[in-house]
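Trainee: query_12.txt is reproduced in full below (compact mmCIF, C-alpha atoms and all ligand atoms).
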```
# COMPACT_ATOMS: atom_id res chain seq x y z
CA MET A 24 113.97 88.91 128.98
CA GLU A 25 111.80 91.36 127.11
CA LEU A 26 108.53 92.45 128.63
CA LEU A 27 105.97 94.87 127.39
CA LYS A 28 105.57 98.04 129.37
CA LYS A 29 102.61 97.82 131.68
CA GLY A 30 99.46 99.08 130.05
CA GLN A 31 100.81 99.00 126.51
CA LEU A 32 100.47 96.81 123.46
CA PRO A 33 102.76 97.13 120.45
CA PRO A 34 101.26 99.74 118.06
CA LYS A 35 101.09 97.15 115.26
CA VAL A 36 98.96 94.88 117.46
CA LYS A 37 96.55 97.70 118.26
CA GLU A 38 96.23 98.52 114.56
CA LEU A 39 95.53 94.90 113.68
CA MET A 40 92.92 94.56 116.41
CA VAL A 41 91.09 97.72 115.33
CA SER A 42 91.13 96.60 111.70
CA LYS A 43 89.72 93.19 112.62
CA VAL A 44 87.08 93.99 115.23
CA GLY A 45 86.65 97.79 115.27
CA ASN A 46 87.53 100.36 117.90
CA TYR A 47 85.01 99.40 120.56
CA GLN A 48 85.78 95.66 120.63
CA ALA A 49 89.51 96.39 120.31
CA GLU A 50 89.38 98.50 123.50
CA LYS A 51 87.67 95.70 125.40
CA LEU A 52 90.05 93.05 124.08
CA THR A 53 93.05 95.25 124.90
CA ALA A 54 91.88 95.49 128.50
CA THR A 55 91.57 91.70 128.67
CA LEU A 56 94.97 91.21 127.03
CA LEU A 57 96.55 93.46 129.62
CA ASN A 58 94.65 92.30 132.71
CA GLY A 59 93.01 88.98 131.91
CA THR A 60 93.96 85.44 132.77
CA LEU A 61 96.56 83.46 130.86
CA ALA A 62 93.79 81.47 129.12
CA GLN A 63 91.87 84.64 128.12
CA LYS A 64 95.03 86.20 126.69
CA ALA A 65 95.94 83.02 124.79
CA ASP A 66 92.40 82.84 123.34
CA ILE A 67 92.46 86.43 122.08
CA ILE A 68 95.90 85.99 120.52
CA LYS A 69 94.70 82.83 118.79
CA ASP A 70 91.27 84.17 117.74
CA LEU A 71 92.71 87.33 116.19
CA ASN A 72 95.78 85.59 114.73
CA LEU A 73 98.17 87.82 116.62
CA GLU A 74 100.76 85.04 117.09
CA ASP A 75 103.29 86.71 114.79
CA TYR A 76 103.31 89.83 117.00
CA LEU A 77 102.46 88.83 120.52
CA ARG A 78 102.54 85.80 122.81
CA VAL A 79 101.73 85.06 126.39
CA CYS A 80 104.09 83.37 128.84
CA TYR A 81 102.52 79.98 129.62
CA ASN A 82 104.02 80.03 133.08
CA CYS A 83 103.47 83.55 134.45
CA GLY A 84 100.90 84.96 131.98
CA LYS A 85 102.91 88.04 130.95
CA LEU A 86 102.50 89.35 127.41
CA ILE A 87 105.74 89.06 125.48
CA THR A 88 107.24 89.88 122.09
CA LYS A 89 110.40 87.86 122.75
CA GLY A 90 110.90 84.60 124.54
CA TYR A 91 111.44 80.87 124.48
CA MET A 92 109.41 78.41 122.48
CA GLU A 93 109.68 74.79 121.50
CA GLU A 94 109.36 73.63 117.92
CA GLY A 95 105.91 72.23 117.28
CA CYS A 96 104.44 73.55 120.54
CA ILE A 97 102.02 76.39 121.11
CA ALA A 98 103.51 77.33 124.50
CA SER A 99 105.87 80.30 124.84
CA TYR A 100 107.78 81.60 127.84
CA CYS A 101 109.16 84.98 128.89
CA SER A 102 112.35 83.74 130.55
CA MET A 103 114.54 80.77 131.30
CA SER A 104 113.14 80.54 134.81
CA CYS A 105 109.56 80.39 133.47
CA ILE A 106 110.25 77.68 130.88
CA ILE A 107 112.19 75.66 133.44
CA LYS A 108 109.33 75.94 135.94
CA ASP A 109 106.97 74.51 133.33
CA LEU A 110 109.12 71.92 131.54
CA GLY A 111 111.71 71.10 134.19
CA LYS A 112 115.43 71.78 134.10
CA PRO A 113 116.54 68.37 132.76
CA TYR A 114 114.12 68.69 129.83
CA PHE A 115 115.18 72.28 129.12
CA ASP A 116 118.89 71.42 129.32
CA SER A 117 118.54 68.50 126.93
CA HIS A 118 116.28 70.33 124.43
CA ILE A 119 117.74 73.84 124.28
CA PHE A 120 119.26 74.67 120.89
CA ASN A 121 122.91 75.73 121.14
CA GLU A 122 126.37 74.90 119.83
CA GLU A 123 126.62 71.71 121.88
CA ASN A 124 123.09 70.73 120.97
CA PRO A 125 122.47 71.71 117.34
CA LYS A 126 119.43 69.42 117.18
CA GLY A 127 117.80 71.21 120.11
CA THR A 128 114.14 72.14 119.68
CA ILE A 129 113.85 74.98 122.22
CA PHE A 130 114.72 78.42 120.85
CA TRP A 131 114.85 82.03 122.01
CA THR A 132 112.96 84.02 119.42
CA SER A 133 111.01 87.21 118.80
CA TRP A 134 107.50 87.83 117.54
CA GLU A 135 107.55 91.28 116.11
CA GLY A 136 105.79 90.77 112.79
ZN ZN A 201 106.96 84.16 132.38
```
Spit out the file's structure as structure tokens when you get a sec.
Ligand SMILES: [Zn+2]
Mentor:
Amino acid sequence: MELLKKGQLPPKVKELMVSKVGNYQAEKLTATLLNGTLAQKADIIKDLNLEDYLRVCYNCGKLITKGYMEEGCIASYCSMSCIIKDLGKPYFDSHIFNEENPKGTIFWTSWEG
């Protein structure tokens, strides 16, 4: 499980935000990304097209650059326990991609540009 250090965004994300909305707005959006609600964080990531660099865990609301996601779904999760809390263990076990389940649709991946 890979979490961002508290109070920090990846430098590339900061750059992108400043280039899109300017310093002042970027500061405000950074504060919301770090301290806002899950829905606020998801909105900012979507509005500024930051999905290639940053996601939010749809269970616990943490910002992540690595985690689980399911093909064709917007939701992302920081850890196995978070995805299982949201989707249920039977669903996770039958949809996780691995050697025994090469048609699985749930992957561990990274969003780092
Ligand atoms: Zn989580």
Trainee: What residues have any atom no more than 7 Å from ligand ZN 201 (chain A) when counting all atoms listed in the file, and can you list them as a count of residues only?
Mentor: 10
Trainee: Can you tell me which residues surround region 62-74 of chain A at a distance of at most 10 Å, considering all atoms listed in the file, apart from same-chain residues fewer than 3 positions away, and format the answer as a list of chain:residue names?
Mentor: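 In the requested format, the answer is A:Lys35, A:Val36, A:Leu39, A:Met40, A:Lys43, A:Val44, A:Leu52, A:Thr53, A:Ala54, A:Thr55, A:Leu56, A:Leu57, A:Asn58, A:Gly59, A:Leu77, A:Arg78, A:Val79, A:Cys80, A:Tyr81, A:Gly84, A:Lys85, A:Leu86, A:Thr88, A:Ile97, A:Ala98, A:Trp134, A:Glu135, A:Gly136.
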Trainee: Tell me, in Å to one decimal, how far CA of Ile87 (chain A) is from CA of Ser133 (chain A).
Mentor: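 Between CA of Ile87 (chain A) and CA of Ser133 (chain A) the gap is 8.7 Å.
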Trainee: Which residue, A:Glu93, A:Lys37, A:Gln48, A:Ser99, has the smallest gap to Phe115 (chain A) when you use all atoms listed in the file?
Mentor: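 Checking each candidate against Phe115 (chain A), we get A:Glu93 as the closest.
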Trainee: Around region 51-61 of chain A, with edges along x, y and z and 6 Å added on all six sides, what centre and edge lengths do you get, in Å to one decimal, as lines of an AutoDock Vina configuration file?
Mentor:
```
center_x = 92.1
center_y = 89.6
center_z = 128.4
size_x = 20.9
size_y = 24.2
size_z = 20.7
```
